[in-house]
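Undergrad: Before I ask anything, let me first share the structure, which is written out below as structure tokens.
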Amino acid sequence: MKKKLYVISGSSGVGKGTVIKGFLEQNPEFILSVSCTTRNPREGEINGKHYFFLTKDEFQKCIDNDKFLEYAEFAGNFYGTKKKYIEECLNDGKNIILEIDTKGALQVKKRMPEAILIFICPPSFEELEKRLRGRHT
């Protein structure tokens, strides 16, 4: 039976990563999607585990050939999710979670209307501001 794509979105600082980490620890039948990016790997990041690291030319070719389920530019780098990767995970019987911004979630919904979108809200505006200031963002 084909599994489902769950898209978790929300603004920066709402706790998407924390919620997903806790959920995955309790639900090993779910996996977290691996996105593509044009940014350089950070220390300890592994290609294919944390991200698929692409050159800007490789990323642009994927855009030109309609290979992405969603993509966006952020801070001078591109980020995106390949359609084929998601399809392979689903066909392999894996429920998959995609953590992306709200604009990306809307792109996914257009291309995969069967995807389940979940929006995470902050506990309060004050708490969100505190978190973002704590990150210096």
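In the structure tokens, chains take letters A, B, ... by order of appearance, with residues numbered from 1 within each chain and ligands from 1 in the order shown.
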Can you pull out every residue within 6 Å of A:Phe119, counting only C-alpha atoms, but drop anything in the same chain fewer than 2 positions away, and send it as a list in words?
TA: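 Result of the neighbour search: Ile8, Ser9 and Gly10 of chain A.
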Undergrad: Skip stretch 69-72 of chain A itself and residues of its chain fewer than 3 positions away, then list as a list of chain:residue names all residues within 6 Å of it, counting only C-alpha atoms.
TA: A:Phe78, A:Tyr79, A:Gly80, A:Thr81, A:Lys82, A:Lys83, A:Gly104, A:Gln107, A:Val108
Undergrad: Can I get the selection written as a JSON list (two decimals), in the first residue's frame, with N, CA and C atoms?
TA:
[["chain", "number", "residue", "atom", "x", "y", "z"],
["A", 78, "PHE", "N", 19.70, 27.92, -3.06],
["A", 78, "PHE", "CA", 18.46, 27.25, -3.44],
["A", 78, "PHE", "C", 18.27, 26.00, -2.60],
["A", 79, "TYR", "N", 17.01, 25.72, -2.31],
["A", 79, "TYR", "CA", 16.60, 24.53, -1.58],
["A", 79, "TYR", "C", 15.42, 23.92, -2.32],
["A", 80, "GLY", "N", 15.36, 22.60, -2.39],
["A", 80, "GLY", "CA", 14.24, 21.97, -3.07],
["A", 80, "GLY", "C", 14.13, 20.49, -2.77],
["A", 81, "THR", "N", 12.98, 19.95, -3.13],
["A", 81, "THR", "CA", 12.70, 18.53, -2.92],
["A", 81, "THR", "C", 12.42, 17.89, -4.27],
["A", 82, "LYS", "N", 13.20, 16.87, -4.60],
["A", 82, "LYS", "CA", 13.00, 16.19, -5.88],
["A", 82, "LYS", "C", 11.77, 15.30, -5.84],
["A", 83, "LYS", "N", 10.96, 15.39, -6.90],
["A", 83, "LYS", "CA", 9.76, 14.57, -7.01],
["A", 83, "LYS", "C", 10.10, 13.09, -6.97],
["A", 104, "GLY", "N", 6.60, 26.69, 0.08],
["A", 104, "GLY", "CA", 6.93, 25.38, -0.46],
["A", 104, "GLY", "C", 5.79, 24.40, -0.25],
["A", 107, "GLN", "N", 3.28, 24.84, -2.89],
["A", 107, "GLN", "CA", 3.74, 24.25, -4.14],
["A", 107, "GLN", "C", 3.48, 22.74, -4.14],
["A", 108, "VAL", "N", 3.78, 22.09, -3.01],
["A", 108, "VAL", "CA", 3.56, 20.65, -2.89],
["A", 108, "VAL", "C", 2.07, 20.34, -3.08]]
Undergrad: Run DSSP on the backbone and tell me which residues of chain A come out as strand (DSSP E); list them as a PyMOL selection string.
TA: chain A and resi 5-9+30-32+36-37+52-53+68-74+77-82+95-99+116-119
Undergrad: Given the choices A:Gly44, A:Glu58, A:Lys67, A:Ile97, which gets closest to A:Leu24 if the distance is worked out from only C-alpha atoms?
TA: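 Closest residue, counting only C-alpha atoms: A:Ile97.
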Undergrad: Need the shell around A:Gln60: protein/DNA/RNA residues with any atom at most 12 Å away, counting only C-alpha atoms. Skip same-chain ones fewer than 3 positions apart. Format as number ranges by chain?
TA: A: 36-38, 54-57, 63-68, 71-73, 77-80
Undergrad: Could you write out the selected residues, including C-alpha atoms, as a short mmCIF file (atom, residue, chain, number, x, y, z; two decimals), in the first residue's frame?
TA:
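Below is the file part-v9.cif, written as the result:
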data_model
loop_
_atom_site.label_atom_id
_atom_site.label_comp_id
_atom_site.auth_asym_id
_atom_site.auth_seq_id
_atom_site.Cartn_x
_atom_site.Cartn_y
_atom_site.Cartn_z
CA CYS A 36 18.58 19.43 -2.14
CA THR A 37 20.57 22.61 -1.61
CA THR A 38 23.19 24.70 -3.34
CA LEU A 54 24.15 20.37 -5.76
CA THR A 55 25.93 23.05 -7.71
CA LYS A 56 23.84 26.00 -8.86
CA ASP A 57 24.09 24.67 -12.43
CA ILE A 63 14.34 23.37 -12.33
CA ASP A 64 14.47 23.50 -16.13
CA ASN A 65 13.54 19.80 -16.35
CA ASP A 66 10.69 20.01 -13.79
CA LYS A 67 12.43 17.65 -11.35
CA PHE A 68 11.34 19.43 -8.15
CA TYR A 71 11.90 24.72 -4.46
CA ALA A 72 12.82 28.16 -3.20
CA GLU A 73 15.72 30.55 -2.91
CA ASN A 77 21.06 29.56 -1.96
CA PHE A 78 18.46 27.25 -3.44
CA TYR A 79 16.60 24.53 -1.58
CA GLY A 80 14.24 21.97 -3.07
#
Undergrad: Using the chain letters and numbers from this document, which residues of chain A does DSSP assign to alpha helix (DSSP H), as a ChimeraX atom specification?
TA: /A:16-26,56-64,83-91,102-111,125-134
Undergrad: Which residues are close to A:Tyr85, i.e. within 12 Å by only C-alpha atoms, leaving aside same-chain residues fewer than 6 positions away? Reply as a list of chain:residue names.
TA: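 Everything that qualifies: A:Leu5, A:Leu32, A:Ser33, A:Val34, A:Ser35, A:Cys36, A:Gly48, A:Phe52, A:Lys67, A:Phe68, A:Leu69, A:Asn91, A:Asp92, A:Lys94, A:Ile96, A:Leu98.
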Undergrad: Using only C-alpha atoms, pick whichever of A:Leu128, A:Glu87, A:Leu117, A:Gly76 has the shortest atom-to-atom distance to A:Glu99.
TA: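 Once distances to A:Glu99 are computed over only C-alpha atoms, the minimum belongs to A:Leu117.
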Undergrad: Name all residues at most 9 Å from A:Ile120 (count only C-alpha atoms; drop same-chain ones fewer than 2 positions away) and give them as a short mmCIF file (atom, residue, chain, number, x, y, z; two decimals) with all heavy atoms, in the first residue's frame.
TA:
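Okay, result-v1.cif is ready:
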data_model
loop_
_atom_site.label_atom_id
_atom_site.label_comp_id
_atom_site.auth_asym_id
_atom_site.auth_seq_id
_atom_site.Cartn_x
_atom_site.Cartn_y
_atom_site.Cartn_z
N ILE A 8 5.17 19.43 6.92
CA ILE A 8 5.14 20.24 8.14
C ILE A 8 5.72 21.60 7.80
O ILE A 8 6.85 21.70 7.31
CB ILE A 8 5.99 19.59 9.26
CG1 ILE A 8 5.65 18.12 9.46
CG2 ILE A 8 5.88 20.40 10.55
CD1 ILE A 8 4.29 17.83 9.99
N SER A 9 4.93 22.65 8.02
CA SER A 9 5.42 23.99 7.73
C SER A 9 5.05 24.94 8.86
O SER A 9 4.24 24.62 9.73
CB SER A 9 4.85 24.49 6.39
OG SER A 9 3.45 24.64 6.47
N GLY A 10 5.65 26.09 8.82
CA GLY A 10 5.43 27.13 9.82
C GLY A 10 6.60 28.09 9.76
O GLY A 10 7.63 27.79 9.16
N SER A 11 6.44 29.23 10.38
CA SER A 11 7.50 30.23 10.31
C SER A 11 8.72 29.77 11.09
O SER A 11 8.65 28.86 11.93
CB SER A 11 6.99 31.58 10.82
OG SER A 11 6.62 31.47 12.17
N VAL A 14 9.10 28.36 15.19
CA VAL A 14 7.89 27.82 15.83
C VAL A 14 8.11 26.47 16.49
O VAL A 14 7.30 26.04 17.29
CB VAL A 14 6.69 27.73 14.86
CG1 VAL A 14 6.29 29.09 14.34
CG2 VAL A 14 6.93 26.75 13.74
N GLY A 15 9.18 25.79 16.13
CA GLY A 15 9.47 24.50 16.74
C GLY A 15 9.22 23.31 15.85
O GLY A 15 9.06 22.19 16.34
N LYS A 16 9.22 23.53 14.53
CA LYS A 16 8.99 22.42 13.59
C LYS A 16 9.98 21.29 13.83
O LYS A 16 9.59 20.13 13.95
CB LYS A 16 9.11 22.90 12.13
CG LYS A 16 8.09 23.90 11.69
CD LYS A 16 8.26 24.27 10.24
CE LYS A 16 9.57 24.89 9.87
NZ LYS A 16 9.81 26.25 10.36
N VAL A 19 9.31 19.37 17.11
CA VAL A 19 8.12 18.53 17.01
C VAL A 19 8.43 17.29 16.16
O VAL A 19 8.10 16.16 16.55
CB VAL A 19 6.94 19.32 16.40
CG1 VAL A 19 5.79 18.40 16.02
CG2 VAL A 19 6.47 20.40 17.36
N ILE A 118 0.44 20.16 7.42
CA ILE A 118 0.29 20.48 8.84
C ILE A 118 1.07 21.77 9.10
O ILE A 118 2.25 21.85 8.78
CB ILE A 118 0.83 19.34 9.73
CG1 ILE A 118 0.06 18.05 9.43
CG2 ILE A 118 0.75 19.72 11.21
CD1 ILE A 118 0.70 16.80 9.99
N PRO A 122 3.30 29.14 16.61
CA PRO A 122 4.04 29.35 17.87
C PRO A 122 3.05 29.39 19.04
O PRO A 122 1.87 29.67 18.85
CB PRO A 122 4.69 30.71 17.66
CG PRO A 122 3.80 31.42 16.69
CD PRO A 122 3.26 30.34 15.78
#
